[in-house]
Amino acid sequence: MAEISESRRVRVRFAPSPTGPLHIGGVRTALYNYLFARQHGGDLIFRIEDTDSNRFVPGAEDYILKAFRWLGIRFDEGVSFGGNYGPYRQSERRDIYRKYVDLLLEAGRAYIAFDTPAELEAKRAEIPNFQYDASTRMQMRNSLTMSKADVDALIAAGNQYVVRFLIEPDEEVRVNDLIRGLVTVNSSVLDDKVLFKSADQLPTYHLANIVDDHLMEVTHVIRGEEWLPSAPLHVLLYKAFGWEDTMPQFAHLPLLLKPEGNGKLSKRDGDRLGFPVFPLEWHDPKTGEISSGYREKDYLPEAVINFLALLGWNPGNDQEIMTMDEMVELFNLEKCSKAGARFNYQKLVWFNHEYIMSKSDSEIAAMFMPVLESHGVRTTRERAEKAVSLVKNRVNFTGELWDNCSYLFQAPTSYDEKSLKKWWKEEAPVTTAQLCDFIESQPEFKGEILEPLVMEWIASKGYATGKVMNALRVTLVGAAMGPQIFEITDFLGREETLRRARKAIQILS
RNA sequence: GGCGCGCUCGUAUAUCGGCUAGUACUCAAGAUUUUCAUUCUUGCAAGAUGAGUUCGACUCUCAUGCGCGCUACCA
């Protein structure tokens, strides 16, 4: 395994193309880059790779930025963050790429090709396993098979062309991957990749990527495994430019797989699997389609981050709940696993529960206030906090809070049948009425004082505690659920408690 | 098809040649709780297969199988 170079300041980048919402696999890649940068006191760059003008989706860039803000992943430089290596949007770097394409052309490491997409398609249909490479390039329409005059004439006449990278066959190309170790590929299996398209005067990913990483002094390329097959090409490109000395080190992350079945988790999976694959809700500007997001589904960003961090990496011990700072400290590329990781959504739910538990009542209450309001409940922050403290351990999502404590704010309008069947027995109206009278007669209503007195009273009457108390519970809550009953009465207060109990007796007898 | 990467309980993973193979999620049972939930305890459950190296292999090598990725004028 290669050593991590320490001579240069660590600089890593996350470079999405704005073709739609950022999907969860991209989030993890960005997270690992972030952790790595922070740990080494380096920089994290945000670069937009919009070299495919056809796939540009308006709003995507803004979405990605917002998503990272929500997730708590911060960039040091790049689009919208500034920096000394800009512009950071590839579509704004045309002149730069042109210059480097010409360099390759002049050095004979690349050539101009006029074969149209249709011609290439025909070729592929005609010849099985056709590949534009050393074995075929001399039969194609390019600057290697044409005179300079013909090439110039074709260009002057407005013919579109591409620039292809000339790959010498039969060379063992070595990629030293920080996660996978040495990967060797024979250059003969590589094709003469298109580096530049005259049509939009833009490079393809491969060229832009290498030029930008070099110019932006990127030291480590941490990206998804889907890039591993093109890593040898990238190495060759660095060599062709003579940039081997500062070539970044590569780390190819295992893929995020669908929870069931096969294949990597893709953007298209959307809500099909029963959980979001995007951090934020996404409204497709073309189709109008809405894909749900973790934020809107009430996931806490900390839970999403923590869960994602552990999908493909672990600190080497049994610690699972970690703050971002702890992860920064513990992160290690060499502890990243090589095999793809299934996206286990159940575990994410558990993480969310853990994070709700660990947050203060005050924090959760702040999120809960708007929900209360939306249900027409007007209350104080203190009351909301108290309610949260009573029920937060029984929810996985803050969105479930209301269902678990609405009775604290609104008297029940109906009574759960199963609960009635079990606890509202024949004698219930009488005993409950007696209990109400007893409670009313007490000078002190506070639970801690009232509870022992009530217990004493029940005993003196010879009643069964469970029956009496649960009958009362049903009148207050509307069902056999909820926290300790005197916690509820404390919250409701004497007047409301008696009102609810007596109303229920009326309705239910 | 070609090339590459991967393969430990259902899932995520620990183990960097000594294993009675650990942990977490899920699931099941029990305890606790006057209700529900929480919590706690216990349990179920794994090294793809076959060779080789070795005193010893889940760990190293090779083969087979399976899975995934890439194979565009997409990233």
# chains A, B, ... in the order shown; residues from 1 in each chain; ligands from 1
$ closest_atom_pairs --of "chain A" --to "chain B" --cutoff "7 Å" --atoms "only C-alpha atoms (C1' of nucleotides)" --output "CSV"
residue,atom,partner,partner_atom,distance
A:Ser17,CA,B:A75,C1',6.6
A:Pro117,CA,B:C73,C1',6.9
A:Val162,CA,B:C73,C1',6.6
A:Val189,CA,B:C3,C1',6.6
A:Val194,CA,B:C73,C1',6.7
A:Lys197,CA,B:C73,C1',5.9
A:Tyr205,CA,B:A75,C1',6.5
A:Glu226,CA,B:G69,C1',5.4
A:Pro229,CA,B:C70,C1',5.5
A:Gly263,CA,B:C68,C1',6.6
A:Leu311,CA,B:A12,C1',6.7
A:Gly316,CA,B:A14,C1',6.9
A:Asn317,CA,B:A14,C1',7.0
A:Asp318,CA,B:U23,C1',5.8
A:Lys338,CA,B:G6,C1',6.6
A:Ala339,CA,B:G6,C1',5.1
A:Asn344,CA,B:U11,C1',6.0
A:Gln346,CA,B:C25,C1',6.8
A:Lys347,CA,B:C25,C1',5.1
A:Asn393,CA,B:U38,C1',6.0
A:Arg394,CA,B:A37,C1',5.1
A:Thr465,CA,B:U34,C1',5.8
A:Gly466,CA,B:U34,C1',4.0
A:Met469,CA,B:U34,C1',6.5
A:Asn470,CA,B:U35,C1',6.3
A:Ala480,CA,B:U35,C1',4.7
A:Met481,CA,B:C36,C1',3.9
A:Gly482,CA,B:C36,C1',5.6
$ residues_around --residues "A:Tyr88" --least-positions-apart "4" --cutoff "10 Å" --atoms "only C-alpha atoms (C1' of nucleotides)" --output "PDB file with C-alpha atoms, in the first residue's frame"
ATOM      1  CA  ALA A  15     -16.514  17.368  -8.133  1.00  0.00           C
ATOM      2  CA  ILE A  45     -12.476  21.932  -3.031  1.00  0.00           C
ATOM      3  CA  PHE A  46     -15.909  22.092  -4.585  1.00  0.00           C
ATOM      4  CA  ARG A  47     -15.645  21.850  -8.335  1.00  0.00           C
ATOM      5  CA  ILE A  48     -18.474  21.646 -10.828  1.00  0.00           C
ATOM      6  CA  GLU A  49     -17.881  19.271 -13.707  1.00  0.00           C
ATOM      7  CA  GLU A  77     -12.789  26.705  -1.753  1.00  0.00           C
ATOM      8  CA  GLY A  78     -14.553  26.262  -5.037  1.00  0.00           C
ATOM      9  CA  VAL A  79     -17.766  27.326  -6.689  1.00  0.00           C
ATOM     10  CA  SER A  80     -19.474  29.794  -4.340  1.00  0.00           C
ATOM     11  CA  PHE A  81     -16.622  29.528  -1.832  1.00  0.00           C
ATOM     12  CA  GLY A  82     -13.901  31.426  -3.654  1.00  0.00           C
ATOM     13  CA  GLY A  83     -10.232  30.506  -3.780  1.00  0.00           C
ATOM     14  CA  ASN A  84      -7.076  31.100  -5.737  1.00  0.00           C
ATOM     15  CA  GLU A  92     -15.674  28.481 -17.461  1.00  0.00           C
ATOM     16  CA  ARG A  93     -12.275  26.941 -18.102  1.00  0.00           C
ATOM     17  CA  ASP A 212      -7.946  20.613 -13.045  1.00  0.00           C
ATOM     18  CA  MET A 216      -5.587  22.934  -8.402  1.00  0.00           C
TER      19      MET A 216
END
$ residues_around --residues "B:G30" --least-positions-apart "5" --cutoff "12 Å" --atoms "only C-alpha atoms (C1' of nucleotides)" --output "ChimeraX atom specification"
/B:40-43
$ write_last_selection --atoms "C-alpha atoms (C1' of nucleotides)" --output "tab-separated table (two decimals), in the first residue's frame"
chain	number	residue	atom	x	y	z
B	40	C	C1'	-31.89	-4.78	30.46
B	41	U	C1'	-30.77	-10.11	29.75
B	42	U	C1'	-30.55	-14.21	26.66
B	43	G	C1'	-30.93	-16.46	22.01
$ closest_residue --among "A:Cys336, A:Ala107, A:Met140, A:Ala30" --to "A:Asp177" --atoms "only C-alpha atoms"
A:Cys336
$ atom_distance --atom1 "atom CA of A:Ala459" --atom2 "atom CA of A:Phe438"
13.2 Å
$ residues_around --residues "stretch 59-61 of chain B" --least-positions-apart "4" --cutoff "9 Å" --atoms "only C-alpha atoms (C1' of nucleotides)" --output "PyMOL selection string"
chain B and resi 15-17+52-53
$ atom_distance --atom1 "atom CA of A:Leu257" --atom2 "atom CA of A:Asp50"
25.8 Å
$ atom_distance --atom1 "atom CA of A:Val349" --atom2 "atom CA of A:Asn33"
24.6 Å
$ select_by_dssp --residues "stretch 218-319 of chain A" --states "helix (DSSP H, G or I)" --output "PyMOL selection string"
chain A and resi 225-241+244-246+267-269+301-309
$ closest_residue --among "A:Asp416, A:Asp152, A:Glu289, A:Asp325" --to "A:Thr475" --atoms "only C-alpha atoms"
A:Asp416
$ residues_around --residues "A:Lys267" --least-positions-apart "6" --cutoff "10 Å" --atoms "only C-alpha atoms (C1' of nucleotides)" --output "list of chain:residue names"
A:Gly20, A:Pro21, A:Leu22, A:His23, A:Ile24, A:Gly25, A:Pro276, A:Val277, A:Phe278, A:Ser291
$ residues_around --residues "A:Val454" --least-positions-apart "3" --cutoff "9 Å" --atoms "only C-alpha atoms (C1' of nucleotides)" --output "PyMOL selection string"
chain A and resi 435+438-439+450-451+457-459
$ write_last_selection --atoms "N, CA and C atoms" --output "PDB file, in the first residue's frame"
ATOM      1  N   LEU A 435     -62.486   7.995  42.097  1.00  0.00           N
ATOM      2  CA  LEU A 435     -61.098   8.461  42.064  1.00  0.00           C
ATOM      3  C   LEU A 435     -61.055   9.963  41.809  1.00  0.00           C
ATOM      4  N   PHE A 438     -61.878  11.721  44.920  1.00  0.00           N
ATOM      5  CA  PHE A 438     -60.764  11.660  45.864  1.00  0.00           C
ATOM      6  C   PHE A 438     -59.679  12.680  45.490  1.00  0.00           C
ATOM      7  N   ILE A 439     -59.336  12.678  44.210  1.00  0.00           N
ATOM      8  CA  ILE A 439     -58.293  13.602  43.746  1.00  0.00           C
ATOM      9  C   ILE A 439     -58.714  15.047  44.003  1.00  0.00           C
ATOM     10  N   LEU A 450     -49.295  13.295  45.253  1.00  0.00           N
ATOM     11  CA  LEU A 450     -50.586  12.663  45.007  1.00  0.00           C
ATOM     12  C   LEU A 450     -50.491  11.152  44.820  1.00  0.00           C
ATOM     13  N   GLU A 451     -49.451  10.713  44.125  1.00  0.00           N
ATOM     14  CA  GLU A 451     -49.359   9.294  43.779  1.00  0.00           C
ATOM     15  C   GLU A 451     -49.447   8.356  44.986  1.00  0.00           C
ATOM     16  N   TRP A 457     -55.261   5.063  48.770  1.00  0.00           N
ATOM     17  CA  TRP A 457     -56.725   5.079  48.618  1.00  0.00           C
ATOM     18  C   TRP A 457     -57.217   3.821  47.898  1.00  0.00           C
ATOM     19  N   ILE A 458     -56.488   3.466  46.794  1.00  0.00           N
ATOM     20  CA  ILE A 458     -56.870   2.276  46.026  1.00  0.00           C
ATOM     21  C   ILE A 458     -56.813   1.042  46.923  1.00  0.00           C
ATOM     22  N   ALA A 459     -55.733   0.979  47.709  1.00  0.00           N
ATOM     23  CA  ALA A 459     -55.559  -0.179  48.598  1.00  0.00           C
ATOM     24  C   ALA A 459     -56.682  -0.233  49.630  1.00  0.00           C
TER      25      ALA A 459
END
